[in-house]
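Engineer: Just start-v4.txt, nothing more (compact mmCIF, C-alpha atoms):
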```txt
# COMPACT_ATOMS: atom_id res chain seq x y z
CA MET A 81 -139.04 111.58 110.37
CA ALA A 82 -139.82 110.43 106.83
CA GLY A 83 -139.42 106.72 106.19
CA TRP A 84 -136.88 107.22 103.42
CA LEU A 85 -134.74 109.37 105.70
CA ARG A 86 -134.81 106.75 108.46
CA SER A 87 -133.80 104.11 105.90
CA LEU A 88 -130.95 106.29 104.67
CA LEU A 89 -129.66 106.92 108.20
CA GLY A 90 -129.92 103.22 108.96
CA ALA A 91 -127.97 102.35 105.83
CA LEU A 92 -125.30 104.90 106.68
CA LEU A 93 -125.03 103.45 110.18
CA LEU A 94 -124.59 99.94 108.78
CA LEU A 95 -121.97 101.21 106.35
CA GLU A 96 -120.13 102.86 109.23
CA VAL A 97 -120.12 99.64 111.24
CA ALA A 98 -119.07 97.61 108.20
CA ALA A 99 -116.22 100.00 107.49
CA ALA A 100 -115.02 99.88 111.08
CA LEU A 101 -115.11 96.09 111.30
CA SER A 102 -113.13 95.18 108.20
CA PHE A 103 -111.79 91.66 108.52
CA LEU A 104 -108.41 92.04 106.84
CA HIS A 105 -104.79 91.37 107.70
CA HIS A 106 -103.18 94.68 108.63
CA ARG A 107 -99.58 95.41 107.72
CA TYR A 108 -97.75 97.80 110.04
CA GLU A 109 -98.89 101.07 108.46
CA GLU A 110 -102.45 99.77 108.20
CA MET A 111 -102.37 98.70 111.84
CA VAL A 112 -101.21 102.15 112.90
CA GLN A 113 -103.95 103.75 110.80
CA ALA A 114 -106.55 101.48 112.42
CA LEU A 115 -105.40 102.49 115.91
CA PHE A 116 -105.49 106.18 115.09
CA HIS A 117 -108.92 105.74 113.48
CA VAL A 118 -110.25 104.36 116.77
CA GLN A 119 -108.62 107.20 118.68
CA SER A 120 -110.26 109.76 116.36
CA GLN A 121 -113.66 108.11 116.82
CA CYS A 122 -113.39 108.02 120.64
CA PRO A 123 -111.02 110.89 121.49
CA TYR A 124 -112.27 111.42 125.03
CA VAL A 125 -111.75 107.85 126.26
CA THR A 126 -108.64 106.78 124.30
CA ARG A 127 -104.95 107.60 124.04
CA ILE A 128 -102.20 106.21 121.83
CA TYR A 129 -98.66 105.99 123.14
CA SER A 130 -95.47 104.15 122.18
CA ILE A 131 -93.44 102.15 124.69
CA GLY A 132 -90.38 102.06 122.43
CA ARG A 133 -89.21 100.82 119.04
CA SER A 134 -88.44 97.47 117.46
CA VAL A 135 -85.05 96.50 116.09
CA GLU A 136 -86.01 97.99 112.71
CA GLY A 137 -87.39 101.15 114.30
CA ARG A 138 -91.14 100.49 114.27
CA HIS A 139 -93.05 101.96 117.20
CA LEU A 140 -94.55 99.54 119.71
CA TYR A 141 -97.89 101.30 119.98
CA VAL A 142 -100.43 100.88 122.76
CA LEU A 143 -104.05 102.05 122.63
CA GLU A 144 -105.43 102.98 126.06
CA PHE A 145 -109.11 103.09 127.02
CA SER A 146 -110.09 105.05 130.13
CA ASP A 147 -112.50 107.77 131.20
CA TYR A 148 -109.35 109.76 132.02
CA PRO A 149 -106.78 108.66 129.41
CA GLY A 150 -103.19 109.06 130.50
CA ILE A 151 -104.06 109.24 134.20
CA HIS A 152 -104.02 106.52 136.84
CA GLU A 153 -107.06 106.95 139.04
CA PRO A 154 -106.69 105.59 142.59
CA LEU A 155 -108.49 102.25 143.04
CA GLU A 156 -108.96 101.82 139.27
CA PRO A 157 -107.05 98.71 138.10
CA GLU A 158 -104.72 98.61 135.10
CA PHE A 159 -105.22 95.83 132.53
CA LYS A 160 -103.25 94.92 129.40
CA TYR A 161 -103.47 92.74 126.29
CA VAL A 162 -100.35 92.01 124.23
CA GLY A 163 -100.58 90.46 120.77
CA ASN A 164 -98.26 89.24 118.02
CA MET A 165 -95.27 88.51 120.29
CA HIS A 166 -94.37 85.85 117.75
CA GLY A 167 -94.50 87.69 114.45
CA ASN A 168 -96.10 84.83 112.50
CA GLU A 169 -98.88 84.25 115.05
CA VAL A 170 -101.17 86.92 113.74
CA LEU A 171 -104.71 86.23 114.94
CA GLY A 172 -104.15 88.02 118.26
CA ARG A 173 -103.04 91.13 116.39
CA GLU A 174 -106.25 91.23 114.36
CA LEU A 175 -108.45 90.37 117.34
CA LEU A 176 -107.02 93.24 119.36
CA LEU A 177 -107.67 95.66 116.51
CA GLN A 178 -111.23 94.36 116.33
CA LEU A 179 -111.58 94.63 120.10
CA SER A 180 -110.37 98.24 120.01
CA GLU A 181 -112.96 99.16 117.38
CA PHE A 182 -115.64 97.22 119.24
CA LEU A 183 -114.99 98.97 122.58
CA CYS A 184 -115.06 102.37 120.89
CA GLU A 185 -118.20 101.64 118.88
CA GLU A 186 -120.13 100.17 121.80
CA TYR A 187 -119.08 103.06 124.04
CA ARG A 188 -120.43 105.51 121.47
CA ARG A 189 -123.66 103.51 121.33
CA GLY A 190 -124.08 103.76 125.10
CA ASN A 191 -123.64 100.04 125.81
CA GLU A 192 -123.88 99.96 129.62
CA ARG A 193 -121.53 97.03 130.07
CA ILE A 194 -118.77 98.53 127.91
CA THR A 195 -119.26 102.01 129.34
CA ARG A 196 -118.91 100.67 132.89
CA LEU A 197 -115.84 98.67 131.89
CA ILE A 198 -114.08 101.69 130.40
CA HIS A 199 -115.05 103.96 133.30
CA ASP A 200 -113.91 101.45 135.95
CA THR A 201 -110.79 100.04 134.24
CA ARG A 202 -107.71 101.45 132.54
CA ILE A 203 -107.27 99.13 129.55
CA HIS A 204 -104.03 98.99 127.54
CA ILE A 205 -104.02 97.18 124.18
CA MET A 206 -100.78 96.43 122.29
CA PRO A 207 -101.71 94.70 119.00
CA SER A 208 -98.12 93.89 118.06
CA MET A 209 -95.04 93.36 120.23
CA ASN A 210 -93.09 92.06 117.22
CA PRO A 211 -93.97 94.20 114.18
CA ASP A 212 -90.69 93.34 112.42
CA GLY A 213 -91.38 89.61 112.57
CA TYR A 214 -94.92 90.17 111.35
CA GLU A 215 -93.70 91.92 108.20
CA VAL A 216 -91.49 88.91 107.40
CA ALA A 217 -94.40 86.53 107.90
CA ALA A 218 -96.83 88.73 105.97
CA LYS A 219 -94.58 88.74 102.90
CA GLN A 220 -95.02 84.97 102.76
CA GLY A 221 -98.77 85.29 103.22
CA PRO A 222 -101.18 82.87 104.90
CA ASP A 223 -101.03 80.28 102.11
CA SER A 224 -97.30 79.63 102.06
CA ASN A 225 -96.23 80.81 105.50
CA GLY A 226 -93.65 78.57 107.14
CA TYR A 227 -94.23 77.41 110.69
CA LEU A 228 -91.32 79.53 111.95
CA THR A 229 -91.14 82.23 109.26
CA GLY A 230 -91.30 85.58 111.04
CA ARG A 231 -91.63 84.06 114.52
CA ASN A 232 -88.54 85.83 115.89
CA ASN A 233 -87.66 89.50 115.88
CA ALA A 234 -85.30 91.10 113.33
CA ASN A 235 -82.29 89.84 115.28
CA GLY A 236 -83.56 86.27 115.07
CA VAL A 237 -84.50 86.08 118.77
CA ASP A 238 -87.65 84.47 120.14
CA LEU A 239 -89.06 87.21 122.37
CA ASN A 240 -90.88 84.69 124.55
CA ARG A 241 -87.53 83.15 125.49
CA ASN A 242 -85.85 86.49 126.10
CA PHE A 243 -86.95 87.75 129.52
CA PRO A 244 -84.62 87.47 132.54
CA ASP A 245 -84.83 83.97 134.02
CA LEU A 246 -86.39 84.67 137.40
CA ASN A 247 -87.77 81.13 137.70
CA THR A 248 -84.36 79.61 138.37
CA PHE A 249 -83.67 82.21 141.05
CA MET A 250 -87.13 81.61 142.53
CA TYR A 251 -86.70 77.84 142.66
CA TYR A 252 -83.33 78.25 144.35
CA SER A 253 -84.83 80.81 146.75
CA GLY A 254 -87.57 78.33 147.58
CA GLU A 255 -84.97 75.97 148.95
CA ILE A 256 -83.70 78.69 151.27
CA SER A 257 -87.15 80.20 152.00
CA GLY A 258 -86.59 83.13 149.67
CA PRO A 259 -89.26 85.19 147.87
CA ASN A 260 -91.28 84.21 144.79
CA HIS A 261 -92.44 87.74 144.08
CA HIS A 262 -90.80 91.03 143.10
CA ILE A 263 -87.53 89.22 142.46
CA PRO A 264 -84.81 91.76 141.56
CA LEU A 265 -83.34 91.70 138.07
CA PRO A 266 -79.70 90.71 137.51
CA ASP A 267 -77.29 93.62 137.20
CA ASN A 268 -76.54 93.02 133.52
CA TRP A 269 -80.10 92.26 132.38
CA LYS A 270 -80.37 95.13 129.87
CA SER A 271 -77.47 93.76 127.83
CA GLN A 272 -79.18 90.35 127.60
CA VAL A 273 -82.56 91.35 126.16
CA GLU A 274 -83.83 92.60 122.82
CA PRO A 275 -85.18 96.15 122.25
CA GLU A 276 -88.77 94.87 122.23
CA THR A 277 -88.25 92.96 125.49
CA LEU A 278 -86.53 95.93 127.10
CA ALA A 279 -89.44 98.18 126.13
CA VAL A 280 -91.98 95.79 127.62
CA ILE A 281 -90.04 95.39 130.89
CA GLN A 282 -89.79 99.15 131.27
CA TRP A 283 -93.50 99.43 130.42
CA ILE A 284 -94.67 96.94 133.02
CA SER A 285 -92.35 98.56 135.55
CA SER A 286 -94.03 101.93 134.94
CA TYR A 287 -97.66 100.81 135.28
CA ASN A 288 -99.12 98.85 138.18
CA PHE A 289 -100.79 96.23 135.99
CA VAL A 290 -103.11 93.83 137.79
CA LEU A 291 -104.16 91.38 135.07
CA SER A 292 -102.93 90.60 131.58
CA ALA A 293 -103.01 88.15 128.70
CA ASN A 294 -100.68 87.68 125.76
CA LEU A 295 -102.16 86.27 122.56
CA HIS A 296 -100.50 83.51 120.52
CA GLY A 297 -101.40 80.90 117.88
CA GLY A 298 -100.64 77.32 116.94
CA ALA A 299 -103.01 75.74 119.49
CA VAL A 300 -106.33 76.54 121.17
CA VAL A 301 -105.90 76.64 124.95
CA ALA A 302 -105.60 79.08 127.86
CA ASN A 303 -102.17 78.56 129.43
CA TYR A 304 -101.32 79.75 132.96
CA PRO A 305 -98.10 79.88 135.07
CA TYR A 306 -95.69 78.51 135.77
CA ASP A 307 -94.35 77.95 132.28
CA LYS A 308 -91.01 76.63 133.51
CA SER A 309 -90.70 73.36 135.37
CA GLN A 310 -88.78 73.31 138.63
CA ASP A 311 -87.13 70.02 137.74
CA GLN A 312 -83.90 71.12 136.07
CA ARG A 313 -82.69 67.58 135.37
CA PHE A 314 -84.89 67.37 132.30
CA ARG A 315 -84.06 69.55 129.33
CA SER A 316 -86.52 68.11 126.82
CA HIS A 317 -88.80 70.68 125.16
CA ARG A 318 -91.73 68.34 125.72
CA ARG A 319 -91.03 67.39 129.34
CA THR A 320 -94.38 67.71 131.17
CA VAL A 321 -94.30 68.43 134.89
CA ASN A 322 -97.22 70.30 136.45
CA THR A 323 -95.68 73.34 138.16
CA PRO A 324 -98.33 75.40 139.97
CA THR A 325 -97.96 78.86 141.48
CA PRO A 326 -99.25 79.70 144.96
CA ASP A 327 -102.24 81.19 143.09
CA ASP A 328 -102.93 78.03 141.09
CA LYS A 329 -106.69 77.86 141.75
CA LEU A 330 -107.08 81.54 140.86
CA PHE A 331 -105.11 81.08 137.64
CA GLN A 332 -107.27 78.12 136.71
CA LYS A 333 -110.37 80.23 137.24
CA LEU A 334 -108.95 83.05 135.09
CA ALA A 335 -108.09 80.60 132.31
CA LYS A 336 -111.54 78.99 132.47
CA THR A 337 -113.17 82.39 132.27
CA TYR A 338 -111.64 82.78 128.83
CA SER A 339 -112.03 79.20 127.65
CA TYR A 340 -115.72 78.92 128.58
CA ALA A 341 -116.57 82.32 127.09
CA HIS A 342 -114.84 81.21 123.86
CA SER A 343 -117.02 79.40 121.35
CA TRP A 344 -115.04 76.13 121.36
CA MET A 345 -111.85 76.39 123.44
CA HIS A 346 -113.55 74.83 126.50
CA ARG A 347 -114.45 71.67 124.58
CA GLY A 348 -110.86 70.52 124.97
CA TRP A 349 -110.24 68.81 121.62
CA ASN A 350 -108.48 71.28 119.30
CA CYS A 351 -105.63 71.05 116.81
CA GLY A 352 -105.12 67.37 117.58
CA ASP A 353 -104.55 68.05 121.30
CA TYR A 354 -106.82 67.63 124.30
CA PHE A 355 -106.84 70.00 127.26
CA ALA A 356 -109.53 69.49 129.92
CA ASP A 357 -111.72 72.60 130.11
CA GLY A 358 -109.51 74.15 127.42
CA ILE A 359 -106.83 75.16 129.93
CA THR A 360 -103.36 73.97 130.93
CA ASN A 361 -100.57 74.71 133.32
CA GLY A 362 -97.70 75.87 131.11
CA ALA A 363 -95.03 73.48 132.39
CA SER A 364 -97.56 70.64 132.30
CA TRP A 365 -97.77 71.21 128.54
CA TYR A 366 -94.05 71.83 127.98
CA SER A 367 -91.40 73.63 130.00
CA LEU A 368 -90.49 77.08 128.71
CA SER A 369 -87.65 79.22 130.06
CA LYS A 370 -87.48 83.05 130.11
CA GLY A 371 -91.14 83.49 129.15
CA MET A 372 -93.19 86.65 129.58
CA GLN A 373 -96.08 85.33 131.68
CA ASP A 374 -93.83 83.92 134.42
CA PHE A 375 -91.81 87.13 134.38
CA ASN A 376 -94.96 89.20 135.02
CA TYR A 377 -95.86 87.08 138.05
CA LEU A 378 -92.36 86.95 139.53
CA TYR A 379 -91.32 90.57 138.93
CA THR A 380 -94.51 92.65 139.10
CA ASN A 381 -97.99 92.63 140.64
CA CYS A 382 -99.46 91.42 137.34
CA PHE A 383 -101.16 88.05 136.87
CA GLU A 384 -100.73 87.06 133.21
CA ILE A 385 -101.92 84.10 131.18
CA THR A 386 -101.09 83.06 127.61
CA LEU A 387 -103.94 82.56 125.14
CA GLU A 388 -103.33 80.18 122.23
CA LEU A 389 -106.16 81.07 119.87
CA SER A 390 -105.90 79.24 116.55
CA CYS A 391 -104.52 76.04 115.06
CA ASN A 392 -103.38 78.05 112.06
CA LYS A 393 -100.78 80.62 113.03
CA PHE A 394 -101.65 82.81 110.03
CA PRO A 395 -105.34 82.16 109.28
CA PRO A 396 -106.77 83.36 105.95
CA GLU A 397 -108.78 86.57 105.91
CA GLU A 398 -112.02 84.70 105.27
CA ASP A 399 -111.64 83.06 108.70
CA LEU A 400 -111.09 86.28 110.65
CA GLU A 401 -114.75 87.15 111.18
CA ARG A 402 -115.54 83.68 112.53
CA GLN A 403 -112.57 83.91 114.87
CA TRP A 404 -113.63 87.36 116.07
CA MET A 405 -117.12 86.14 116.88
CA ALA A 406 -115.62 83.16 118.74
CA ASN A 407 -113.35 85.38 120.86
CA ARG A 408 -115.32 88.62 121.31
CA GLU A 409 -117.17 87.71 124.51
CA ALA A 410 -114.09 85.99 125.96
CA LEU A 411 -111.92 89.07 125.40
CA VAL A 412 -114.41 91.28 127.24
CA ALA A 413 -115.14 88.76 130.01
CA PHE A 414 -111.45 88.33 130.75
CA ILE A 415 -110.98 92.10 131.21
CA GLU A 416 -113.84 92.03 133.72
CA GLU A 417 -111.90 89.51 135.81
CA VAL A 418 -109.62 92.35 136.95
CA HIS A 419 -112.51 93.38 139.23
CA GLN A 420 -112.35 90.60 141.80
CA GLY A 421 -110.61 90.02 145.10
CA ILE A 422 -109.70 93.00 147.28
CA LYS A 423 -108.40 96.49 146.69
CA GLY A 424 -107.78 99.49 148.88
CA MET A 425 -105.46 102.27 150.02
CA VAL A 426 -102.44 101.96 152.27
CA SER A 427 -101.92 105.29 154.01
CA ASP A 428 -100.31 106.81 157.08
CA GLU A 429 -101.99 108.65 159.96
CA ASN A 430 -102.20 111.78 157.78
CA ASN A 431 -103.92 109.88 154.92
CA ASN A 432 -100.82 110.09 152.72
CA GLY A 433 -100.59 107.09 150.42
CA ILE A 434 -97.69 104.72 151.07
CA ALA A 435 -96.11 103.35 147.90
CA GLY A 436 -94.45 99.95 147.92
CA ALA A 437 -96.33 98.61 150.94
CA VAL A 438 -96.41 94.81 150.96
CA ILE A 439 -99.82 93.12 150.92
CA SER A 440 -99.66 89.55 152.27
CA VAL A 441 -102.51 87.05 152.30
CA GLN A 442 -102.31 84.32 154.91
CA GLY A 443 -102.04 80.92 153.26
CA ILE A 444 -100.93 82.25 149.86
CA SER A 445 -97.16 82.69 149.67
CA HIS A 446 -97.13 85.39 147.02
CA ASP A 447 -97.25 89.07 147.94
CA ILE A 448 -98.13 92.17 145.94
CA THR A 449 -97.26 95.81 146.61
CA SER A 450 -99.10 99.12 146.62
CA GLY A 451 -98.66 101.55 143.73
CA ASP A 452 -97.30 105.09 143.69
CA MET A 453 -100.50 106.50 145.19
CA GLY A 454 -100.74 103.84 147.88
CA ASP A 455 -103.53 101.90 146.20
CA TYR A 456 -103.29 98.14 145.78
CA PHE A 457 -105.18 95.36 144.01
CA ARG A 458 -105.04 91.70 145.03
CA LEU A 459 -106.89 89.19 142.86
CA LEU A 460 -108.52 86.49 145.01
CA LEU A 461 -111.20 83.84 144.71
CA PRO A 462 -114.35 84.20 146.86
CA GLY A 463 -113.64 83.34 150.49
CA THR A 464 -112.50 84.76 153.82
CA TYR A 465 -108.92 85.96 154.09
CA THR A 466 -106.52 87.40 156.65
CA VAL A 467 -104.60 90.23 154.98
CA THR A 468 -101.59 92.12 156.31
CA ALA A 469 -100.18 95.41 155.02
CA SER A 470 -96.61 96.26 156.00
CA ALA A 471 -94.15 98.97 155.08
CA GLU A 472 -90.71 99.93 156.28
CA GLY A 473 -90.90 102.36 159.19
CA TYR A 474 -94.50 101.51 160.06
CA GLN A 475 -96.29 99.00 162.24
CA PRO A 476 -98.01 96.30 160.14
CA GLN A 477 -101.79 96.13 160.15
CA THR A 478 -103.82 92.93 159.78
CA VAL A 479 -107.52 92.60 158.92
CA THR A 480 -109.87 89.78 158.07
CA THR A 481 -112.14 90.24 155.06
CA THR A 482 -114.62 88.26 153.02
CA VAL A 483 -114.45 88.30 149.22
CA GLY A 484 -117.67 87.80 147.29
CA PRO A 485 -118.18 86.60 143.72
CA ALA A 486 -118.86 90.03 142.23
CA ALA A 487 -117.16 93.37 142.85
CA PRO A 488 -113.87 93.52 144.79
CA SER A 489 -113.99 94.10 148.54
CA LEU A 490 -112.59 97.44 149.67
CA VAL A 491 -110.01 96.88 152.39
```
Let me see the structure of the file written as structure tokens.
Structural biologist:
Amino acid sequence: MAGWLRSLLGALLLLEVAAALSFLHHRYEEMVQALFHVQSQCPYVTRIYSIGRSVEGRHLYVLEFSDYPGIHEPLEPEFKYVGNMHGNEVLGRELLLQLSEFLCEEYRRGNERITRLIHDTRIHIMPSMNPDGYEVAAKQGPDSNGYLTGRNNANGVDLNRNFPDLNTFMYYSGEISGPNHHIPLPDNWKSQVEPETLAVIQWISSYNFVLSANLHGGAVVANYPYDKSQDQRFRSHRRTVNTPTPDDKLFQKLAKTYSYAHSWMHRGWNCGDYFADGITNGASWYSLSKGMQDFNYLYTNCFEITLELSCNKFPPEEDLERQWMANREALVAFIEEVHQGIKGMVSDENNNGIAGAVISVQGISHDITSGDMGDYFRLLLPGTYTVTASAEGYQPQTVTTTVGPAAPSLV
């Protein structure tokens, strides 16, 4: 090939990459265009779907990456990222758009790590859970944006204080030896939540998500459950009482995976606060009621953490590239954490999958259940565990298994 032709092709390739990775704030229509651009560039491994609409009628779009988009493959875990839950906390929205373009571009380039990740994981990316609030914040712009301008949805409701309060029920149940997992929703829950919250609850009820993170701004720290303190005598927003889950050590490891892969989160000192290792138990920071991450843990099989990613809730465009480079490896590394612990099939004597089977781990008082096809995923730290599968109408089965530091053990 002639030298000038190689140079021309190289220049065109650089232009293509530059065009794909434009570090700009995306209004709603621009965000939708960016998602559909990625889907057009990687049509065989992506799918766009809407989980519902906002108060003002904007679609809550999700971009899915999978080698079989739209299909749950047995023993392939489901992962999700949710951004822009608070409309004026915009960095997560832009990072998830960048991540979408990055995954597509690297897949097309044949990057082995990204190819393996997409083939082995079903990844769901929602850049904006609160598009109405974002539009309010964006009208103010990054220079004059108020600390709360656009935070809530169009009805003035904070979506991260809008999920059914399962913590209170769980704490009461704890006193009478009740469950802290798959807690049923109150009968009137739909009348108490906003359209965006309703859409998300129905979404996470429809997919057997294993791991998740929601992206916020205003601090730099990886926050893990529980968010709500058990001590109900204190109502102060800043009351700090460490409130761990039965999976506390696992959650700390998940949070550290992100913080140490991030360029500076793990250093601890950020935005005038200090968090050792760049992580915190939510209630140890401040108690939050009706939050999304606790709801995921108490209602579904999903382990979710909250990522606070910038001191400035609405950073200027000139800071977006630096922020992307700081978060890129962490965003990928955290997805990879879905592949740890144990997974397997629960089936009957005829090899028919049993949905809703309960998977219990001795010594960890938090159970998960098998999905529609009978497959299950239980995140665990390396170690040896005694695991029991049980289902109504069947004899329970117990096995002992050892979990290593790499791929999940098949049980």
Engineer: Near Glu186 of chain A, counting all atoms listed in the file, which residues have an atom at most 12 Å away, once you skip same-chain residues fewer than 6 positions from it, shown as a list in words?
Structural biologist: Val97, Ala100, Val118, Gln121, Cys122, Gln178, Leu179, Ser180, Glu192, Arg193, Ile194, Thr195, Arg196, Leu197, Ile198 and Val412 of chain A
Engineer: Neighbours of Tyr108 of chain A within 9 Å (only C-alpha atoms; same-chain residues fewer than 6 positions away dropped), as a PyMOL selection string?
Structural biologist: chain A and resi 138+208+211-212+214-215
Engineer: Using all atoms listed in the file, which residues sit within 8 Å of Gly421 of chain A once same-chain residues fewer than 2 positions away are excluded, as JSON, numbers by chain?
Structural biologist: {"A": [419, 423, 457, 458, 459, 460, 461, 462, 483, 484, 487, 488, 489]}
Engineer: Take every atom of segment 441-454 of chain A listed in the file, fit an axis-aligned box around them, add 5 Å per side, and give the centre and edge lengths in Å to one decimal as JSON.
Structural biologist:
```
{"center_x": -99.8, "center_y": 93.7, "center_z": 149.3, "size_x": 15.4, "size_y": 35.6, "size_z": 21.2}
```
Engineer: In Å, how far is it from atom CA of Ala218 of chain A to atom CA of Asn168 of chain A?
Structural biologist: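 Straight-line distance from atom CA of Ala218 of chain A to atom CA of Asn168 of chain A works out to 7.6 Å.
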Engineer: Given only C-alpha atoms, how would the per-residue table for segment 400-425 of chain A near segment 139-163 of chain A read, listing every residue at most 12 Å away with its closest atom pair and distance in Å to one decimal, sorted by chain and number, as a tab-separated table?
Structural biologist:
```
residue	atom	partner	partner_atom	distance
A:Leu411	CA	A:Tyr161	CA	9.3
A:Val412	CA	A:Tyr161	CA	11.1
A:Phe414	CA	A:Phe159	CA	9.9
A:Ile415	CA	A:Phe159	CA	7.0
A:Glu416	CA	A:Phe159	CA	9.5
A:Glu417	CA	A:Phe159	CA	9.8
A:Val418	CA	A:Pro157	CA	7.0
A:His419	CA	A:Pro157	CA	7.7
A:Gln420	CA	A:Pro157	CA	10.4
A:Gly421	CA	A:Pro157	CA	11.7
A:Ile422	CA	A:Leu155	CA	10.2
A:Lys423	CA	A:Leu155	CA	6.8
A:Gly424	CA	A:Leu155	CA	6.5
A:Met425	CA	A:Leu155	CA	7.6
```
Engineer: Would you kindly return, as number ranges by chain, each protein, DNA or RNA residue with an atom no farther than 7 Å from any atom of segment 338-351 of chain A, considering only C-alpha atoms and excluding same-chain residues fewer than 2 positions away?
Structural biologist: A: 299-302, 334-336, 353-359, 391, 406-407, 409-410, 414
Engineer: Once you have the residues from the selection above, write them out as an mmCIF file, in the coordinates of the input, restricted to C-alpha atoms.
Structural biologist:
```cif
data_model
loop_
_atom_site.group_PDB
_atom_site.id
_atom_site.type_symbol
_atom_site.label_atom_id
_atom_site.label_comp_id
_atom_site.auth_asym_id
_atom_site.auth_seq_id
_atom_site.Cartn_x
_atom_site.Cartn_y
_atom_site.Cartn_z
ATOM 1 C CA ALA A 299 -103.010 75.740 119.490
ATOM 2 C CA VAL A 300 -106.330 76.540 121.170
ATOM 3 C CA VAL A 301 -105.900 76.640 124.950
ATOM 4 C CA ALA A 302 -105.600 79.080 127.860
ATOM 5 C CA LEU A 334 -108.950 83.050 135.090
ATOM 6 C CA ALA A 335 -108.090 80.600 132.310
ATOM 7 C CA LYS A 336 -111.540 78.990 132.470
ATOM 8 C CA ASP A 353 -104.550 68.050 121.300
ATOM 9 C CA TYR A 354 -106.820 67.630 124.300
ATOM 10 C CA PHE A 355 -106.840 70.000 127.260
ATOM 11 C CA ALA A 356 -109.530 69.490 129.920
ATOM 12 C CA ASP A 357 -111.720 72.600 130.110
ATOM 13 C CA GLY A 358 -109.510 74.150 127.420
ATOM 14 C CA ILE A 359 -106.830 75.160 129.930
ATOM 15 C CA CYS A 391 -104.520 76.040 115.060
ATOM 16 C CA ALA A 406 -115.620 83.160 118.740
ATOM 17 C CA ASN A 407 -113.350 85.380 120.860
ATOM 18 C CA GLU A 409 -117.170 87.710 124.510
ATOM 19 C CA ALA A 410 -114.090 85.990 125.960
ATOM 20 C CA PHE A 414 -111.450 88.330 130.750
#
```
